[in-house]
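Enquirer: Before I ask anything, let me first share the structure, which is written out below as structure tokens.
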Amino acid sequence: MQKFLAMPTKKSKSNQLVLDYYNELGADQLGFDGKKLKYVAISVEAKHLDRWNNPSEAYTRKYYDWFNNLGDEFNKIAEAECGKVTMTDMDQKFIFMNNQMIYRTSAIQGAGIGVVIAFGVLVLATRSLLISVLSCLSILATIVSVIGLTTMMGWQLGTIQAILFSILAGFSVDYVVHLAHSYATCSGTREERIRKAFAEMGSPVLSGMLTSVLASIPLFLCQVVFFSVFGTFLCFTILFSWIFANFGFMSIMATIGPQTTDKKEESTTDLDRGSNYPVTTSA
């Protein structure tokens, strides 16, 4: 190619030199219509970027910047005669790199917005900033665990995964908000409130987890990629959400959660128990 660029083809009255190189290099390397040279292509291969691997965005971007700098060097040499260099990606590695950036940004933004909305719901449900913050920690732990486990399984960040990660916070808030609301509405010491919250919401939360996990198992067998991926995502999200809500959040509540030590005496009647007859007590 250097020999070809060094030849004075413009001064030659014949196009035979161009025809010879056209036949040697082929139409994919040399653009020639029989009368005028249209373009010259130079192929440069990256050693660690091939069609069989999918490196990370940061790793691929190093090569992308290097090829852009190479194009700038060619522009300094041949832009006056040939015009600007146009770089193409034969294996679409740079396209995949750009898509990864879009997927990552949308997934992070969606998950962040979901956590903020969940925090607002928790504040309204519990009316306690401490409980709401600790509940959000449980949600964040679920998000990190699901993303980490799917990454260990070899998942790549694509369109489906980016959408699922965006709604991950919404799936993760379900169990912790029930336990947090139950804890906030109970009275007594931490231990008493924990016992009351588990007695009130422990069984419903467990039942909800079991039904959701069992419902996700048939999706594993689907041939459609979206349904199989969604089934795996749903199963992991429900399991981690239940684990962190019951064992993580409630353990923290038992340690630093709010508590009330003053007990108010209340008169009870059979109406409270489902009867119309009052209860009389003798001194």
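Labels for the structure tokens follow display order: chains A, B, ..., residues from 1 in each chain, ligands from 1.
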Can you list, as a PyMOL selection string, all residues belonging to segment 46-262 of chain A that DSSP tags as helix (DSSP H, G or I)?

Expert: chain A and resi 57-82+93-126+129-152+159-166+168-185+190-221+225-256

Enquirer: Find the residues around Thr255 of chain A up to 12 Å (only C-alpha atoms counted), leave out those fewer than 2 positions away in its own chain, and share them as a VMD selection string.

Expert: chain A and resid 134 189 to 191 193 to 194 248 to 253 257 to 259

Enquirer: Write the residues of the preceding selection, restricted to N, CA and C atoms, as a PDB file, in the first residue's frame.

Expert:
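Generated output (out.pdb):
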ATOM      1  N   LEU A 134     -32.928   2.697  56.253  1.00  0.00           N
ATOM      2  CA  LEU A 134     -32.492   1.309  56.421  1.00  0.00           C
ATOM      3  C   LEU A 134     -33.213   0.379  55.437  1.00  0.00           C
ATOM      4  N   THR A 189     -40.809  -2.158  73.022  1.00  0.00           N
ATOM      5  CA  THR A 189     -39.367  -2.198  72.823  1.00  0.00           C
ATOM      6  C   THR A 189     -39.050  -2.778  71.441  1.00  0.00           C
ATOM      7  N   ARG A 190     -37.765  -2.765  71.082  1.00  0.00           N
ATOM      8  CA  ARG A 190     -37.374  -3.308  69.776  1.00  0.00           C
ATOM      9  C   ARG A 190     -37.763  -4.779  69.655  1.00  0.00           C
ATOM     10  N   GLU A 191     -37.483  -5.535  70.710  1.00  0.00           N
ATOM     11  CA  GLU A 191     -37.789  -6.961  70.656  1.00  0.00           C
ATOM     12  C   GLU A 191     -39.287  -7.196  70.503  1.00  0.00           C
ATOM     13  N   ARG A 193     -41.503  -5.143  69.192  1.00  0.00           N
ATOM     14  CA  ARG A 193     -41.949  -4.698  67.862  1.00  0.00           C
ATOM     15  C   ARG A 193     -41.522  -5.687  66.783  1.00  0.00           C
ATOM     16  N   ILE A 194     -40.350  -6.283  66.950  1.00  0.00           N
ATOM     17  CA  ILE A 194     -39.909  -7.297  65.994  1.00  0.00           C
ATOM     18  C   ILE A 194     -40.841  -8.502  66.044  1.00  0.00           C
ATOM     19  N   GLY A 248     -31.747  -9.237  57.068  1.00  0.00           N
ATOM     20  CA  GLY A 248     -30.911  -8.048  57.102  1.00  0.00           C
ATOM     21  C   GLY A 248     -31.610  -6.864  57.743  1.00  0.00           C
ATOM     22  N   PHE A 249     -32.738  -6.451  57.157  1.00  0.00           N
ATOM     23  CA  PHE A 249     -33.448  -5.270  57.648  1.00  0.00           C
ATOM     24  C   PHE A 249     -33.966  -5.474  59.068  1.00  0.00           C
ATOM     25  N   MET A 250     -34.610  -6.597  59.316  1.00  0.00           N
ATOM     26  CA  MET A 250     -35.173  -6.824  60.639  1.00  0.00           C
ATOM     27  C   MET A 250     -34.086  -6.998  61.704  1.00  0.00           C
ATOM     28  N   SER A 251     -32.922  -7.525  61.319  1.00  0.00           N
ATOM     29  CA  SER A 251     -31.812  -7.620  62.275  1.00  0.00           C
ATOM     30  C   SER A 251     -31.308  -6.230  62.657  1.00  0.00           C
ATOM     31  N   ILE A 252     -31.244  -5.336  61.657  1.00  0.00           N
ATOM     32  CA  ILE A 252     -30.830  -3.967  61.960  1.00  0.00           C
ATOM     33  C   ILE A 252     -31.869  -3.272  62.833  1.00  0.00           C
ATOM     34  N   MET A 253     -33.160  -3.525  62.545  1.00  0.00           N
ATOM     35  CA  MET A 253     -34.217  -2.948  63.376  1.00  0.00           C
ATOM     36  C   MET A 253     -34.101  -3.432  64.826  1.00  0.00           C
ATOM     37  N   GLY A 257     -33.194   0.021  65.731  1.00  0.00           N
ATOM     38  CA  GLY A 257     -34.497   0.532  65.338  1.00  0.00           C
ATOM     39  C   GLY A 257     -35.145   1.364  66.427  1.00  0.00           C
ATOM     40  N   PRO A 258     -36.106   2.208  66.045  1.00  0.00           N
ATOM     41  CA  PRO A 258     -36.809   3.022  67.060  1.00  0.00           C
ATOM     42  C   PRO A 258     -37.655   2.143  67.972  1.00  0.00           C
ATOM     43  N   GLN A 259     -37.860   2.624  69.198  1.00  0.00           N
ATOM     44  CA  GLN A 259     -38.646   1.867  70.160  1.00  0.00           C
ATOM     45  C   GLN A 259     -39.359   2.829  71.092  1.00  0.00           C
TER      46      GLN A 259
END

Enquirer: Write out as a list in words which residues come within 10 Å of Ala180 of chain A when counting only C-alpha atoms, dropping same-chain ones fewer than 4 positions away.

Expert: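 Once the adjacent positions are removed, what remains is Leu122, Ala125, Thr126, Ser128, Ile131, Ser132, Leu134, Ser135, Tyr175, Val176, Ala184, Thr185, Ile194, Ala197, Met201, Ala245, Phe249, Met250 and Met253 of chain A.
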
Enquirer: Quick one: of A:Ala41, A:Leu129, A:Val116, A:Leu49, who's nearest to Thr88 of chain A, counting only C-alpha atoms?

Expert: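 Closest residue, counting only C-alpha atoms: A:Ala41.
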
Enquirer: Which polymer residues have any atom within 7 Å of an atom of Ala107 of chain A, counting only C-alpha atoms, with same-chain residues fewer than 3 positions away left out, as a list in words?

Expert: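 My reading of the contact set: Tyr103, Arg104, Gly110, Ala111, Ala162, Ile163, Phe165 and Ser166 of chain A.
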
Enquirer: Kindly indicate which residue among A:Leu164, A:Ser172, A:Tyr63, A:Ser203 lies nearest to Ala118 of chain A, using only C-alpha atoms for the distances.

Expert: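 Of the candidates, the smallest distance to Ala118 of chain A is held by A:Ser172.
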
Enquirer: Might you pull out every residue within 12 Å of Val144 of chain A, with only C-alpha atoms counted and same-chain residues fewer than 4 positions away left off, and present them as a list of chain:residue names?

Expert: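 Within the cut-off, the hits are A:Ile108, A:Ala111, A:Leu137, A:Ser138, A:Ile139, A:Leu140, A:Gly148, A:Leu149, A:Thr150, A:Thr151, A:Phe165, A:Leu168, A:Ala169, A:Ser172, A:Phe236, A:Thr237, A:Phe240, A:Ser241, A:Phe244.
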
Enquirer: So how many Å separate atom CA of Phe247 of chain A and atom CA of Leu179 of chain A, to one decimal?

Expert: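 Atom-to-atom, atom CA of Phe247 of chain A to atom CA of Leu179 of chain A, that is 11.2 Å.
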
Enquirer: Name the residues in contact with segment 223-231 of chain A at a cut-off of 7 Å, using only C-alpha atoms, excluding same-chain residues fewer than 5 positions from it; report them as a list in words.

Expert: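 Here the answer would be Ile160, Ser216 and Ile217 of chain A.
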
Enquirer: A:Phe233, A:Ile238, A:Ile102, A:Glu57: which is nearest Gly158 of chain A, counting only C-alpha atoms?

Expert: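 For Gly158 of chain A, the nearest of the given residues is A:Ile102.
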
Enquirer: If we count only C-alpha atoms and set the cut-off at 10 Å, which residues sit around Leu70 of chain A, ignoring sequence neighbours fewer than 6 positions away in its own chain? Please answer as number ranges by chain.

Expert: A: 64, 85, 87

Enquirer: Emit the selected residues as a compact mmCIF listing (two decimals), in the first residue's frame, including all heavy atoms.

Expert:
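Saved to selection36.txt:
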# COMPACT_ATOMS: atom_id res chain seq x y z
N TYR A 64 -10.59 2.11 20.57
CA TYR A 64 -11.35 3.08 19.80
C TYR A 64 -10.61 4.42 19.73
O TYR A 64 -10.49 5.04 18.67
CB TYR A 64 -12.73 3.25 20.42
CG TYR A 64 -13.60 4.26 19.73
CD1 TYR A 64 -14.25 3.95 18.54
CD2 TYR A 64 -13.79 5.53 20.27
CE1 TYR A 64 -15.05 4.88 17.89
CE2 TYR A 64 -14.59 6.47 19.65
CZ TYR A 64 -15.22 6.13 18.46
OH TYR A 64 -16.01 7.06 17.83
N VAL A 85 -10.33 10.81 6.53
CA VAL A 85 -10.39 9.36 6.71
C VAL A 85 -11.72 8.98 7.35
O VAL A 85 -12.17 9.63 8.30
CB VAL A 85 -9.22 8.87 7.57
CG1 VAL A 85 -9.38 7.40 7.93
CG2 VAL A 85 -7.90 9.10 6.85
N MET A 87 -13.49 5.90 9.31
CA MET A 87 -13.17 4.65 9.99
C MET A 87 -14.43 3.81 10.12
O MET A 87 -15.49 4.29 10.53
CB MET A 87 -12.58 4.93 11.38
CG MET A 87 -12.15 3.67 12.12
SD MET A 87 -11.40 4.03 13.72
CE MET A 87 -12.77 4.75 14.59

Enquirer: How many Å lie between atom CA of Met101 of chain A and atom CA of Ala141 of chain A, rounded to one decimal?

Expert: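 One can read the atom CA of Met101 of chain A to atom CA of Ala141 of chain A distance as 23.3 Å.
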